[in-house]
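Worksheet: one structure, shown below.
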Amino acid sequence: MSIVLGVNAYHGDSAACVVVNGKLVAAAEEERFRRLKHWAGFPSEARARLSDVSVMALNSDPRVGRRERIAYLLKRRPSLAYVVRQVRTRLKRQSLQSVVNEAFPGETFRGTIQRVEHHVAHLASAYYLSPWDEAVAVSVDGFGDFASAAWGPARRNRIEVEGRVPFPHSLGIFYETMTQYLGFPNYGDEYKVMGLAPYGKPRFVDQLADVVRTLPNGAFELNLDYFRHTTQPVTFAWNGGEPTKSGLMYTPALEALLGPARGPKEPLDDRHRDLARSIQATYERVFFHLLNKLHGQYRMDHLVLAGGCGFNSVANGKVTIQSPFKHVYVQSAAGDAGGAVGAALQAHYLQSTETTHEHVRHAYLGPSFSNEEIAALLDREADKIADAGCTVQRVDQLPSLYERTARAIAAGRVVGWFQGRMEWGPRALGNRSILGDPRRPDMKDILNLKIKRRESFRPFAPSVLREHVKDWFELDDDVPFMMKVFQIREAKRPQIPAVTHVDGSGRLQTVYRDTNERYYDLIKVFHQMTGVPMVLNTSFNENEPVVCKPSEALDCFLRTKMDLLVLGDWLVERADGASDTPRPPKETAS
């Protein structure tokens with residue numbers, strides 16, 4: 001038996017996975033255990049027993065691009081602080097064996113350590129989980145192993161990298177820099193710009209055309225006059241904690257071009273909204289320029305996409321519209337966490353003669369908890385639950401569980417839904433979710449003010465029964481990981497205002513009974529009650545990593561104003577009115 005442990009370490013979204021004989025059997029991000037968003041360090045909690053592991057695969061290879069690094073240093077002559085930082089980072093990643101020994105005292109690792117180039121790991125994570133034996137593989141992100149993008153054909157379990165964008169040019173750095181310029185300073189805040197973009201107009205695209213430029217071969221380059229990452233250190237804390245960024249990524253030239261940057265606490269105005277729209281439009285211009293060139297070069301209709309830019313669900317949803325590709329697959333953890341899976345799968349298939357791979361259709365790869373474990377928790381916390389005005393009941397019959405939960409959602413209540421194995425990747429996909437009624441115009445405000453406590457412009461997603469997608473959305477496709485945004489049919493938008501973004505779009509998740517029976521059957525019952533084959537789905541958390549354990553779900557439920565918590569077969573319910581959730585008019589309640 002071949003057991004490969006895949007690792008993403010010393011970067012944001014530290015993670016680990018287990019691949020057994022080429023099959024992905026478990027995966028989790030370290031943040032879910034450490035309870036710090038985007039935790040960076042070595043994933044000592046999210047891993048297998050070292051004595052069982054034959055290969056440890058890491059999604060970084062400091063040996064890659066040595067010649068290019070030296071040439072860059074000689075040409076650009078960056079600051080000493082920049083050089084010192086790069087050397088320290090490389091030394092830490094090279095000393096993996098000592099880190100393993102330190103992280104797991106008393107355990108013996110007798111296997112081998114295999115390093116996989118950063119972008120090869122990204123490409124592998126997309127291709128080896130996809131449904132196709134032949135596809136164009138594309139990775140686009142910030143930086144990894146001295147490149148920001150890579151691409152090439154993937155056939156019969158072999159990936160050929162035939163193009164790269166070298167440091168210092170990066171579409172990910174462009175988006176990250178503009179995110180900071182717009183006053184969103186935290187690691188991973190790019191999704192806020194994407195959510196803000198539909199509220200604005202693209203009136204700054206001409207100016208941004210000078211910031212990032214397309215090249216005839218499909219690649220792109222930055223105008224380095226606007227960026228500081230080539231000469232001055234923009235430091236990140238990667239050593240065991242939430243990544244923190246210090247230093248400006250943009251130069252005064254960017255403010256001269258676009259106006260003053262927004263401070264993190266300054267209110268958003270129309271100029272900021274227009275900038276967000278222009279940033280997204282510029283990203284799409286460059287992204288689709290690359291895809292169109294690659295389709296013309298390889299003449300394949302299938303695209304597999306990874307890298308941090310793979311989370312740009314707005315662009316992903318336009319791939320079949322803005323390029324000749326007919327199908328696109330983006331796995332559930334497209335960013336650096338997913339590199340752990342790619343490294344493990346690449347390590348396996350490099351030693352294998354297999355010419356086909358297994359298509360992964362779900363992301364339920366984390367830990368699970370039994371009803372007995374949940375019962376023990378509820379017993380320990382009985383006094384706290386009672387003091388909060390809540391009752392506890394076990395519902396042994398699943399139809400009754402679904403009926404009671406769906407009726408609560410249809411009545412305007414907010415439901416915490418905790419079931420089965422935790423999802424792999426940043427999205428809640430029906431096992432660690434907060435659910436609401438998509439028909440309520442005020443549900444978005446209720447969730448933002450009472451539970452999520454986040455920016456009002458950020459949208460919520462619909463989880464849709466797969467067979468009904470074509471009736472409600474303008475495109476009909478599989479979107480199991482919530483990685484694409486489609487336009488909702490205009491006639492349907494008034495029926496589901498809580499999940500319809502300002503531009504008429506929705507970031508949907510398609511739900512299948514064979515991959516998540518409980519979630520599917522719950523939505524089906526809600527559909528029978530209301531005529532709407534979807535529920536509003538957002539992650540089960542409150543400005544923290546998505547909950548992992550039942551105890552974390554219960555704590556989140558009790559400190560917020562959720563109405564109902566479904567933990568496996570157990571219901572924890574607040575007395576009617578105790579949460580102060582406004583009830584819908586009688587004619588709209590079910």
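Residues are named by chain letter and number: chains run A, B, ... in the order of the structure tokens, numbers start at 1 in each chain, and ligands are numbered from 1 in the order shown.
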Strand (DSSP E or B) positions in segment 388-542 of chain A, given as a ChimeraX atom specification: /A:390-394,415-418,423,432-436,461-465,473,484-488,505-511,534-539
Next, write the just-selected residues to a file, as a PDB file, in the first residue's frame, keeping C-alpha atoms as the atom set.
```pdb
ATOM      1  CA  CYS A 390     -32.707  26.397  24.500  1.00  0.00           C
ATOM      2  CA  THR A 391     -34.147  22.897  24.394  1.00  0.00           C
ATOM      3  CA  VAL A 392     -32.440  19.726  23.179  1.00  0.00           C
ATOM      4  CA  GLN A 393     -34.075  16.820  21.377  1.00  0.00           C
ATOM      5  CA  ARG A 394     -32.890  13.835  19.377  1.00  0.00           C
ATOM      6  CA  VAL A 415     -30.284  27.329  11.118  1.00  0.00           C
ATOM      7  CA  GLY A 416     -26.842  25.982  11.961  1.00  0.00           C
ATOM      8  CA  TRP A 417     -26.372  22.702  10.055  1.00  0.00           C
ATOM      9  CA  PHE A 418     -23.556  20.397  11.235  1.00  0.00           C
ATOM     10  CA  GLU A 423     -15.448  20.170   3.927  1.00  0.00           C
ATOM     11  CA  ARG A 432     -20.625  23.022   8.229  1.00  0.00           C
ATOM     12  CA  SER A 433     -23.190  25.576   7.046  1.00  0.00           C
ATOM     13  CA  ILE A 434     -25.555  28.255   8.268  1.00  0.00           C
ATOM     14  CA  LEU A 435     -28.804  28.054   6.302  1.00  0.00           C
ATOM     15  CA  GLY A 436     -31.530  30.592   5.574  1.00  0.00           C
ATOM     16  CA  ALA A 461     -24.725  31.759  -1.928  1.00  0.00           C
ATOM     17  CA  PRO A 462     -27.540  29.440  -3.017  1.00  0.00           C
ATOM     18  CA  SER A 463     -27.206  25.654  -2.667  1.00  0.00           C
ATOM     19  CA  VAL A 464     -29.305  24.288  -5.528  1.00  0.00           C
ATOM     20  CA  LEU A 465     -30.573  20.812  -6.352  1.00  0.00           C
ATOM     21  CA  PHE A 473     -29.702  30.047 -13.889  1.00  0.00           C
ATOM     22  CA  LYS A 484     -18.475  29.735 -10.324  1.00  0.00           C
ATOM     23  CA  VAL A 485     -20.832  32.684 -10.470  1.00  0.00           C
ATOM     24  CA  PHE A 486     -23.697  32.488 -12.962  1.00  0.00           C
ATOM     25  CA  GLN A 487     -26.433  34.917 -13.850  1.00  0.00           C
ATOM     26  CA  ILE A 488     -29.780  34.049 -12.301  1.00  0.00           C
ATOM     27  CA  SER A 505     -25.729  36.890 -10.325  1.00  0.00           C
ATOM     28  CA  GLY A 506     -25.361  34.106  -7.783  1.00  0.00           C
ATOM     29  CA  ARG A 507     -22.379  32.024  -6.636  1.00  0.00           C
ATOM     30  CA  LEU A 508     -24.125  28.698  -6.678  1.00  0.00           C
ATOM     31  CA  GLN A 509     -23.351  25.261  -5.309  1.00  0.00           C
ATOM     32  CA  THR A 510     -24.922  22.279  -7.059  1.00  0.00           C
ATOM     33  CA  VAL A 511     -26.077  19.566  -4.640  1.00  0.00           C
ATOM     34  CA  MET A 534     -32.450  25.875  -2.968  1.00  0.00           C
ATOM     35  CA  VAL A 535     -31.474  27.287   0.397  1.00  0.00           C
ATOM     36  CA  LEU A 536     -29.190  30.151   1.327  1.00  0.00           C
ATOM     37  CA  ASN A 537     -25.873  28.700   2.460  1.00  0.00           C
ATOM     38  CA  THR A 538     -23.042  30.464   4.247  1.00  0.00           C
ATOM     39  CA  SER A 539     -20.164  29.143   6.302  1.00  0.00           C
TER      40      SER A 539
END
```
Which of A:Gln322, A:Gly41, A:Leu305, A:Arg361 sits closest to Arg513 of chain A [using only C-alpha atoms]: A:Arg361
Wanna dump the segment 265-314 of chain A-segment 184-202 of chain A contacts at 8 Å for me, each residue with its shortest atom pair and the distance in Å to one decimal, counting only C-alpha atoms, ordered by chain and number, as JSON lines?
```
{"residue": "A:Asp270", "atom": "CA", "partner": "A:Gly200", "partner_atom": "CA", "distance": 6.7}
{"residue": "A:Arg271", "atom": "CA", "partner": "A:Gly200", "partner_atom": "CA", "distance": 7.9}
{"residue": "A:His272", "atom": "CA", "partner": "A:Gly200", "partner_atom": "CA", "distance": 7.9}
{"residue": "A:Arg273", "atom": "CA", "partner": "A:Gly200", "partner_atom": "CA", "distance": 4.4}
{"residue": "A:Asp274", "atom": "CA", "partner": "A:Gly200", "partner_atom": "CA", "distance": 4.1}
{"residue": "A:Leu275", "atom": "CA", "partner": "A:Pro202", "partner_atom": "CA", "distance": 7.0}
{"residue": "A:Ala276", "atom": "CA", "partner": "A:Ala197", "partner_atom": "CA", "distance": 4.6}
{"residue": "A:Arg277", "atom": "CA", "partner": "A:Ala197", "partner_atom": "CA", "distance": 3.9}
{"residue": "A:Ser278", "atom": "CA", "partner": "A:Pro202", "partner_atom": "CA", "distance": 4.3}
{"residue": "A:Ile279", "atom": "CA", "partner": "A:Ala197", "partner_atom": "CA", "distance": 7.9}
{"residue": "A:Gln280", "atom": "CA", "partner": "A:Met194", "partner_atom": "CA", "distance": 6.5}
{"residue": "A:Ala281", "atom": "CA", "partner": "A:Pro202", "partner_atom": "CA", "distance": 6.9}
{"residue": "A:Asn312", "atom": "CA", "partner": "A:Met194", "partner_atom": "CA", "distance": 7.5}
{"residue": "A:Val314", "atom": "CA", "partner": "A:Met194", "partner_atom": "CA", "distance": 7.6}
```
Spatial neighbours of Gly152 of chain A, 7 Å, only C-alpha atoms, chain gap at least 3 places, as a PyMOL selection string: chain A and resi 136-138+159-163
Distance criterion (only C-alpha atoms): nearest to Arg466 of chain A out of A:Phe325, A:Ser370, A:Thr515, A:Arg421: A:Thr515
Neighbour list for segment 29-34 of chain A as an MDAnalysis selection string, cut-off 6 Å, only C-alpha atoms, skip fewer than 4 positions in-chain: chainID A and resid 14:15 38:39 43 46 545 548
Interatomic distance (Å, one decimal) between atom CA of Pro243 of chain A and atom CA of Ala363 of chain A: 24.6 Å
Spatial neighbours of Glu544 of chain A, 8 Å, only C-alpha atoms, chain gap at least 3 places, as a PyMOL selection string: chain A and resi 35-37+541
Expected answer as a PyMOL selection string: helix (DSSP H, G or I) residues in segment 361-498 of chain A: chain A and resi 371-380+382-387+398-410+443-452+466-472+490-495+497-498
For the selection just defined, write its residues with N, CA and C atoms to a file, as a compact mmCIF listing (two decimals), in the first residue's frame.
```
# COMPACT_ATOMS: atom_id res chain seq x y z
N ASN A 371 -23.06 10.55 16.62
CA ASN A 371 -24.15 11.05 17.44
C ASN A 371 -23.87 10.83 18.92
N GLU A 372 -23.12 9.80 19.25
CA GLU A 372 -22.76 9.54 20.64
C GLU A 372 -21.83 10.63 21.17
N GLU A 373 -20.87 11.04 20.34
CA GLU A 373 -19.98 12.14 20.74
C GLU A 373 -20.77 13.43 20.92
N ILE A 374 -21.72 13.67 20.04
CA ILE A 374 -22.55 14.87 20.14
C ILE A 374 -23.40 14.80 21.41
N ALA A 375 -23.96 13.63 21.71
CA ALA A 375 -24.79 13.47 22.91
C ALA A 375 -23.98 13.76 24.16
N ALA A 376 -22.74 13.28 24.19
CA ALA A 376 -21.89 13.53 25.35
C ALA A 376 -21.62 15.02 25.51
N LEU A 377 -21.39 15.72 24.40
CA LEU A 377 -21.18 17.17 24.45
C LEU A 377 -22.41 17.88 25.01
N LEU A 378 -23.59 17.53 24.48
CA LEU A 378 -24.81 18.19 24.91
C LEU A 378 -25.10 17.92 26.38
N ASP A 379 -24.74 16.76 26.85
CA ASP A 379 -24.91 16.44 28.26
C ASP A 379 -23.98 17.29 29.13
N ARG A 380 -22.73 17.43 28.69
CA ARG A 380 -21.77 18.25 29.46
C ARG A 380 -22.19 19.71 29.52
N ALA A 382 -25.28 20.94 29.29
CA ALA A 382 -26.73 21.04 29.49
C ALA A 382 -27.11 22.32 30.23
N ASP A 383 -26.36 22.68 31.27
CA ASP A 383 -26.71 23.88 32.03
C ASP A 383 -26.55 25.14 31.19
N LYS A 384 -25.47 25.21 30.43
CA LYS A 384 -25.24 26.38 29.58
C LYS A 384 -26.35 26.50 28.53
N ILE A 385 -26.75 25.37 27.95
CA ILE A 385 -27.81 25.37 26.93
C ILE A 385 -29.13 25.82 27.54
N ALA A 386 -29.45 25.32 28.73
CA ALA A 386 -30.69 25.70 29.39
C ALA A 386 -30.69 27.18 29.76
N ASP A 387 -29.56 27.68 30.23
CA ASP A 387 -29.46 29.09 30.61
C ASP A 387 -29.68 30.00 29.40
N LEU A 398 -35.15 10.42 10.01
CA LEU A 398 -34.62 11.47 9.14
C LEU A 398 -35.71 12.30 8.45
N PRO A 399 -36.81 11.70 7.95
CA PRO A 399 -37.85 12.56 7.35
C PRO A 399 -38.35 13.63 8.31
N SER A 400 -38.47 13.27 9.60
CA SER A 400 -38.91 14.26 10.58
C SER A 400 -37.84 15.33 10.79
N LEU A 401 -36.57 14.92 10.80
CA LEU A 401 -35.47 15.87 10.94
C LEU A 401 -35.49 16.88 9.80
N TYR A 402 -35.65 16.38 8.57
CA TYR A 402 -35.67 17.28 7.41
C TYR A 402 -36.89 18.19 7.46
N GLU A 403 -38.04 17.64 7.82
CA GLU A 403 -39.27 18.42 7.83
C GLU A 403 -39.19 19.55 8.84
N ARG A 404 -38.69 19.26 10.02
CA ARG A 404 -38.61 20.29 11.06
C ARG A 404 -37.59 21.36 10.69
N THR A 405 -36.47 20.93 10.12
CA THR A 405 -35.44 21.90 9.72
C THR A 405 -35.91 22.77 8.57
N ALA A 406 -36.49 22.15 7.55
CA ALA A 406 -36.98 22.91 6.39
C ALA A 406 -38.10 23.86 6.79
N ARG A 407 -38.96 23.43 7.71
CA ARG A 407 -40.04 24.31 8.16
C ARG A 407 -39.48 25.52 8.91
N ALA A 408 -38.42 25.29 9.69
CA ALA A 408 -37.79 26.41 10.39
C ALA A 408 -37.20 27.41 9.41
N ILE A 409 -36.51 26.91 8.36
CA ILE A 409 -35.94 27.80 7.35
C ILE A 409 -37.04 28.57 6.65
N ALA A 410 -38.10 27.87 6.27
CA ALA A 410 -39.20 28.51 5.55
C ALA A 410 -39.93 29.54 6.40
N MET A 443 -33.09 38.60 4.68
CA MET A 443 -32.26 37.54 5.25
C MET A 443 -30.78 37.91 5.22
N LYS A 444 -30.33 38.57 4.17
CA LYS A 444 -28.93 38.98 4.09
C LYS A 444 -28.57 39.91 5.24
N ASP A 445 -29.44 40.87 5.53
CA ASP A 445 -29.18 41.81 6.62
C ASP A 445 -29.23 41.10 7.97
N ILE A 446 -30.16 40.18 8.13
CA ILE A 446 -30.26 39.42 9.39
C ILE A 446 -28.96 38.68 9.65
N LEU A 447 -28.45 37.98 8.64
CA LEU A 447 -27.23 37.20 8.81
C LEU A 447 -26.03 38.10 9.07
N ASN A 448 -25.93 39.18 8.33
CA ASN A 448 -24.77 40.06 8.49
C ASN A 448 -24.75 40.75 9.85
N LEU A 449 -25.91 41.18 10.32
CA LEU A 449 -25.95 41.95 11.56
C LEU A 449 -25.93 41.07 12.79
N LYS A 450 -26.55 39.89 12.71
CA LYS A 450 -26.73 39.09 13.91
C LYS A 450 -25.76 37.93 14.06
N ILE A 451 -25.18 37.48 12.93
CA ILE A 451 -24.32 36.29 13.02
C ILE A 451 -22.98 36.52 12.35
N LYS A 452 -22.96 36.82 11.07
CA LYS A 452 -21.71 36.90 10.33
C LYS A 452 -20.91 38.15 10.68
N ARG A 466 -29.22 19.87 -8.14
CA ARG A 466 -28.56 19.89 -9.45
C ARG A 466 -29.55 19.91 -10.61
N GLU A 467 -30.62 19.13 -10.52
CA GLU A 467 -31.53 19.00 -11.65
C GLU A 467 -32.34 20.27 -11.91
N HIS A 468 -32.29 21.24 -11.01
CA HIS A 468 -33.07 22.46 -11.17
C HIS A 468 -32.22 23.66 -11.60
N VAL A 469 -30.94 23.47 -11.80
CA VAL A 469 -30.07 24.60 -12.15
C VAL A 469 -30.54 25.28 -13.42
N LYS A 470 -30.87 24.51 -14.42
CA LYS A 470 -31.23 25.08 -15.72
C LYS A 470 -32.49 25.94 -15.66
N ASP A 471 -33.35 25.69 -14.67
CA ASP A 471 -34.58 26.46 -14.55
C ASP A 471 -34.37 27.80 -13.86
N TRP A 472 -33.28 27.94 -13.13
CA TRP A 472 -33.07 29.13 -12.32
C TRP A 472 -31.87 29.95 -12.74
N GLU A 490 -33.65 36.20 -15.13
CA GLU A 490 -34.24 37.47 -14.69
C GLU A 490 -35.61 37.27 -14.06
N ALA A 491 -36.41 36.37 -14.60
CA ALA A 491 -37.75 36.16 -14.07
C ALA A 491 -37.73 35.53 -12.68
N LYS A 492 -36.61 34.87 -12.33
CA LYS A 492 -36.52 34.18 -11.04
C LYS A 492 -35.94 35.06 -9.93
N ARG A 493 -35.28 36.14 -10.30
CA ARG A 493 -34.58 36.95 -9.30
C ARG A 493 -35.48 37.48 -8.19
N PRO A 494 -36.69 37.95 -8.51
CA PRO A 494 -37.55 38.45 -7.41
C PRO A 494 -37.95 37.36 -6.41
N GLN A 495 -37.87 36.10 -6.81
CA GLN A 495 -38.26 35.02 -5.91
C GLN A 495 -37.17 34.67 -4.89
N PRO A 497 -34.41 36.91 -3.53
CA PRO A 497 -33.59 38.12 -3.37
C PRO A 497 -32.41 37.96 -2.43
N ALA A 498 -32.49 37.03 -1.47
CA ALA A 498 -31.41 36.90 -0.49
C ALA A 498 -30.14 36.32 -1.07
```
Distance query Asp576 of chain A at most 10 Å, only C-alpha atoms, self and fewer than 5 positions along chain excluded, as a PyMOL selection string: chain A and resi 389-390+413+563+581
Once you have the residues from the selection above, write them out as a compact mmCIF listing (two decimals), in the first residue's frame, restricted to C-alpha atoms.
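out-v3.txt, written as the output of this step:
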```
# COMPACT_ATOMS: atom_id res chain seq x y z
CA GLY A 389 -33.26 29.37 26.79
CA CYS A 390 -32.71 26.40 24.50
CA ARG A 413 -35.36 31.17 11.10
CA ASP A 563 -32.58 29.96 16.04
CA THR A 581 -35.24 37.14 14.36
```
